[in-house]
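Trainee: A single structure is presented below for examination.
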Amino acid sequence: MHDIQQIREDPEGVKAGLARRGMDAPIDEIAALDTERRSVLVEVENLKAERNIVSKEIGRMKDPGEREAKITAMRGLGTHVDELDQRVSEIEEILHRMLSEIPNIPDPSAPDGPDESANQVVRTVGEKPAYSFEPQPHWDLGTQLGILDFERGAKISGSRFYILSGAGARLQRALISWMLDLHIGQGYLEKYPPFLVRGETLFATGHLPKFADNLYRDAEEDLYMVPTAEVPLTGMHRDEILEKETLPLHYCAYTACFRREKMSAGRDVRGIKRGHQFDKVEMYTYCEPSESETELGRMLADAEATCAQLGLTYRVLELCTGDLGFSAQKSYDIEVWAPGCEEWLEVSSISNCGAFQARRANVRYKPEPKAKTEFLHTLNGSGLGLPRTLIAVLETYQQEDGSVVVPEVLKPWMGGLDHISAPEK
């Protein structure tokens with residue numbers, strides 16, 4: 001959410017910032033409505049003051065005729081005040097809607113570019129693995145191992161659903177448990193939030209109203225299924241004033257995530273990399289504004305550690321202005337190499353949202369005991385997202401005989417299983 005004060009003071013700067021996203025926002029219209037709102041408010045306050053003065057005069061009048069004439073005149077003033085109050089409400093509703101649909105302004109350091117083609121590779125860690133055989137994509141590998149069932153997933157829920165079975169289900173669960181424990185060791189406090197949230201909680205993160213079509217909603221209870229744990233972790237402190245001494249707050253959480261994936265036929269729909277339901281471990285930070293850039297670096301390093309300890313080849317990209325998420329002002333993506341698919345798969349996006357989400361959620365703190373409250377900065381990032389991490393593990397650790405070696409760090413969560421093999425016929 002944007003600060004209307006910033007638009008009043010620097011409308012051209014706001015327009016220039018949004019233009020870096022390729023967006024022509026109605027800033028002039030917003031500024032004009034804000035000017036009208038303030039003008040009407042002044043008129044309303046003046047008329048109400050006049051009404052109070054006249055009301056006192058009426059109370060002192062002795063002549064009944066003069067008194068009745070004054071009361072009649074004041075009825076007209078009262079009607080006009082009600083009309084002006086209604087106009088203020090209408091303007092505020094329009095302003096709220098318009099402001100809520102405008103994305104965050106990119107950080108000055110974010111590289112300019114129209115779309116993902118302009119994202120910049122910051123570093124690549126590790127070499128693409130070489131094999132003495134032709135590595136299989138996970139959709140073949142998982143099916144042959146008996147751990148991935150597309151047919152029955154589609155039978156019970158439709159396209160873009162699947163079932164993980166046996167060691168595949170256990171491997172998914174191992175990844176979630178290991179990642180949570182890793183983040184706890186990095187200083188994050190684990191949360192287990194609801195998977196259903198109210199609309200105002202989604203508004204706080206910027207998912208509503210912009211992305212309403214991508215969300216699953218229960219109409220009877222008016223609750224939404226979470227698209228990411230970022231949503232409930234933001235909503236936790238909505239309308240709160242946090243103590244400075246408690247900052248920064250570092251949270252991690254596992255949730256299933258639900259999104260309407262609208263895809264056309266082609267390469268990107270093969271396998272399990274895009275689905276309507278997926279698992280994700282999320283990292284989240286609340287901090288003072290002066291610390292958010294440092295916290296962004298910390299969260300990026302924590303997500304990278306997940307890839308590194310899994311032994312995956314990965315790369316870090318800094319997102320250009322045209323590819324930033326709605327609420328982000330600066331973001332880094334982490335992509336892992338999937339040798340069977342022969343492509344880089346995004347498993348994490350680490351974003352600094354500045355005060356954008358905190359303003360929408362009304363989460364504040366006091367920089368000093370007697371100071372005015374200020375909005376916090378919020379950051380979020382996957383640590384990591386599934387099933388793409390699962391894909392990379394299966395395809396990276398596959399063997400010539402079609403089995404898959406379990407990564408060393410996951411073995412304690414696999415009940416001693418050190419490799420996944422096809423069931424004996």
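Chain labels A, B, ... are given in the sequence in which chains occur in the structure tokens; within each chain residues are numbered consecutively from 1, and ligands are likewise numbered from 1 in the order shown.
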Contacts of A:Arg87 at 12 Å or less, counting only C-alpha atoms, minus same-chain residues fewer than 6 places along, as number ranges by chain?

Mentor: A: 33, 36-41, 43-44, 80-81, 93-94

Trainee: Which residues come within 12 Å of A:Ala174, counting only C-alpha atoms, excluding same-chain residues fewer than 6 positions away, as a VMD selection string?

Mentor: chain A and resid 167 to 168 180 to 182 310 386 389 to 390 393 406 to 417

Trainee: I'd like the contact shell of A:Ala212 - 12 Å cut-off, only C-alpha atoms, skipping same-chain residues fewer than 3 positions apart - returned as a PyMOL selection string.

Mentor: chain A and resi 101+199+202-203+206-209+215-217+224-227+259-260

Trainee: Kindly save the residues from that selection, with N, CA and C atoms included, as a compact mmCIF listing (two decimals), in the first residue's frame.

Mentor:
# COMPACT_ATOMS: atom_id res chain seq x y z
N GLU A 101 -4.51 -1.24 -5.63
CA GLU A 101 -4.20 -1.94 -6.88
C GLU A 101 -2.86 -1.54 -7.48
N GLY A 199 -10.23 -12.62 4.12
CA GLY A 199 -9.87 -11.76 3.00
C GLY A 199 -8.96 -10.62 3.40
N LEU A 202 -5.34 -11.61 3.32
CA LEU A 202 -4.78 -11.62 1.97
C LEU A 202 -4.59 -10.22 1.42
N PHE A 203 -5.45 -9.29 1.82
CA PHE A 203 -5.25 -7.90 1.42
C PHE A 203 -3.93 -7.38 1.97
N GLY A 206 -1.05 -8.19 -0.21
CA GLY A 206 -1.15 -7.74 -1.60
C GLY A 206 -1.73 -8.78 -2.53
N HIS A 207 -2.17 -9.92 -1.98
CA HIS A 207 -2.80 -10.94 -2.83
C HIS A 207 -4.22 -10.57 -3.23
N LEU A 208 -4.87 -9.75 -2.43
CA LEU A 208 -6.17 -9.18 -2.77
C LEU A 208 -6.04 -7.66 -2.81
N PRO A 209 -6.73 -7.03 -3.76
CA PRO A 209 -7.67 -7.61 -4.73
C PRO A 209 -7.01 -8.09 -6.03
N LEU A 215 -6.92 -17.45 -6.43
CA LEU A 215 -7.10 -17.99 -5.09
C LEU A 215 -8.29 -18.94 -5.03
N TYR A 216 -8.18 -19.95 -4.16
CA TYR A 216 -9.30 -20.84 -3.87
C TYR A 216 -10.04 -20.30 -2.66
N ARG A 217 -11.38 -20.22 -2.76
CA ARG A 217 -12.19 -19.59 -1.72
C ARG A 217 -13.35 -20.48 -1.33
N TYR A 224 -10.30 -18.10 2.56
CA TYR A 224 -9.47 -18.45 1.41
C TYR A 224 -8.41 -19.46 1.83
N MET A 225 -8.09 -20.40 0.94
CA MET A 225 -6.98 -21.32 1.17
C MET A 225 -5.68 -20.57 0.90
N VAL A 226 -4.69 -20.75 1.75
CA VAL A 226 -3.48 -19.94 1.66
C VAL A 226 -2.71 -20.25 0.37
N PRO A 227 -2.24 -19.21 -0.35
CA PRO A 227 -1.37 -19.44 -1.50
C PRO A 227 0.09 -19.58 -1.09
N ARG A 259 -3.05 -22.63 -5.32
CA ARG A 259 -3.15 -21.57 -6.32
C ARG A 259 -3.76 -22.14 -7.60
N ARG A 260 -4.56 -21.32 -8.24
CA ARG A 260 -5.08 -21.71 -9.55
C ARG A 260 -3.98 -21.48 -10.58

Trainee: In Å, rounded to a single decimal, give me how far atom CA of A:Ala305 is from atom CA of A:Leu145.

Mentor: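 If I compute the distance from atom CA of A:Leu145 to atom CA of A:Ala305, I get 28.8 Å.
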
Trainee: Report as a list of chain:residue names: the residues of stretch 33-244 of chain A with a DSSP assignment of strand (DSSP E or B), based on the backbone of this structure.

Mentor: A:Gln120, A:Val121, A:Val122, A:Arg123, A:Thr124, A:Val125, A:Leu148, A:Asp149, A:Ile163, A:Leu164, A:Leu189, A:Glu190, A:Lys191, A:Leu196, A:Val197, A:Arg217, A:Asp218, A:Leu223, A:Tyr224, A:Met225, A:Ile241, A:Leu242

Trainee: Write the residues of the preceding selection, restricted to N, CA and C atoms, as a compact mmCIF listing (two decimals), in the first residue's frame.

Mentor:
# COMPACT_ATOMS: atom_id res chain seq x y z
N GLN A 120 19.22 -10.71 -13.67
CA GLN A 120 20.69 -10.81 -13.70
C GLN A 120 21.18 -11.96 -12.84
N VAL A 121 21.99 -12.84 -13.43
CA VAL A 121 22.58 -13.94 -12.66
C VAL A 121 23.69 -13.37 -11.78
N VAL A 122 23.51 -13.48 -10.48
CA VAL A 122 24.49 -12.96 -9.52
C VAL A 122 25.64 -13.94 -9.34
N ARG A 123 25.30 -15.22 -9.22
CA ARG A 123 26.32 -16.27 -9.06
C ARG A 123 25.71 -17.63 -9.33
N THR A 124 26.55 -18.54 -9.74
CA THR A 124 26.18 -19.95 -9.91
C THR A 124 27.08 -20.77 -9.01
N VAL A 125 26.48 -21.66 -8.22
CA VAL A 125 27.23 -22.44 -7.26
C VAL A 125 27.16 -23.91 -7.65
N LEU A 148 5.42 -42.01 -7.80
CA LEU A 148 4.70 -40.88 -8.37
C LEU A 148 3.56 -41.40 -9.24
N ASP A 149 2.34 -41.02 -8.87
CA ASP A 149 1.15 -41.55 -9.56
C ASP A 149 0.32 -40.39 -10.09
N ILE A 163 -0.20 -38.09 -6.84
CA ILE A 163 -0.01 -38.75 -5.54
C ILE A 163 1.44 -39.16 -5.40
N LEU A 164 2.05 -38.81 -4.29
CA LEU A 164 3.37 -39.33 -3.93
C LEU A 164 3.15 -40.55 -3.06
N LEU A 189 11.87 -18.81 14.41
CA LEU A 189 10.89 -19.41 15.30
C LEU A 189 9.81 -20.09 14.46
N GLU A 190 9.64 -21.39 14.66
CA GLU A 190 8.66 -22.11 13.85
C GLU A 190 7.24 -21.76 14.25
N LYS A 191 6.39 -21.58 13.25
CA LYS A 191 4.96 -21.38 13.44
C LYS A 191 4.21 -22.43 12.61
N LEU A 196 -6.38 -21.70 6.22
CA LEU A 196 -7.51 -20.90 5.74
C LEU A 196 -7.43 -19.52 6.39
N VAL A 197 -7.61 -18.47 5.59
CA VAL A 197 -7.46 -17.12 6.10
C VAL A 197 -8.59 -16.22 5.61
N ARG A 217 -11.38 -20.22 -2.76
CA ARG A 217 -12.19 -19.59 -1.72
C ARG A 217 -13.35 -20.48 -1.33
N ASP A 218 -13.59 -20.55 -0.02
CA ASP A 218 -14.78 -21.21 0.50
C ASP A 218 -15.86 -20.14 0.67
N LEU A 223 -13.71 -17.77 3.56
CA LEU A 223 -12.31 -17.98 3.88
C LEU A 223 -11.58 -18.44 2.62
N TYR A 224 -10.30 -18.10 2.56
CA TYR A 224 -9.47 -18.45 1.41
C TYR A 224 -8.41 -19.46 1.83
N MET A 225 -8.09 -20.40 0.94
CA MET A 225 -6.98 -21.32 1.17
C MET A 225 -5.68 -20.57 0.90
N ILE A 241 1.17 -3.00 17.42
CA ILE A 241 2.37 -2.18 17.59
C ILE A 241 3.39 -3.05 18.30
N LEU A 242 4.46 -3.41 17.61
CA LEU A 242 5.47 -4.31 18.16
C LEU A 242 6.52 -3.52 18.94
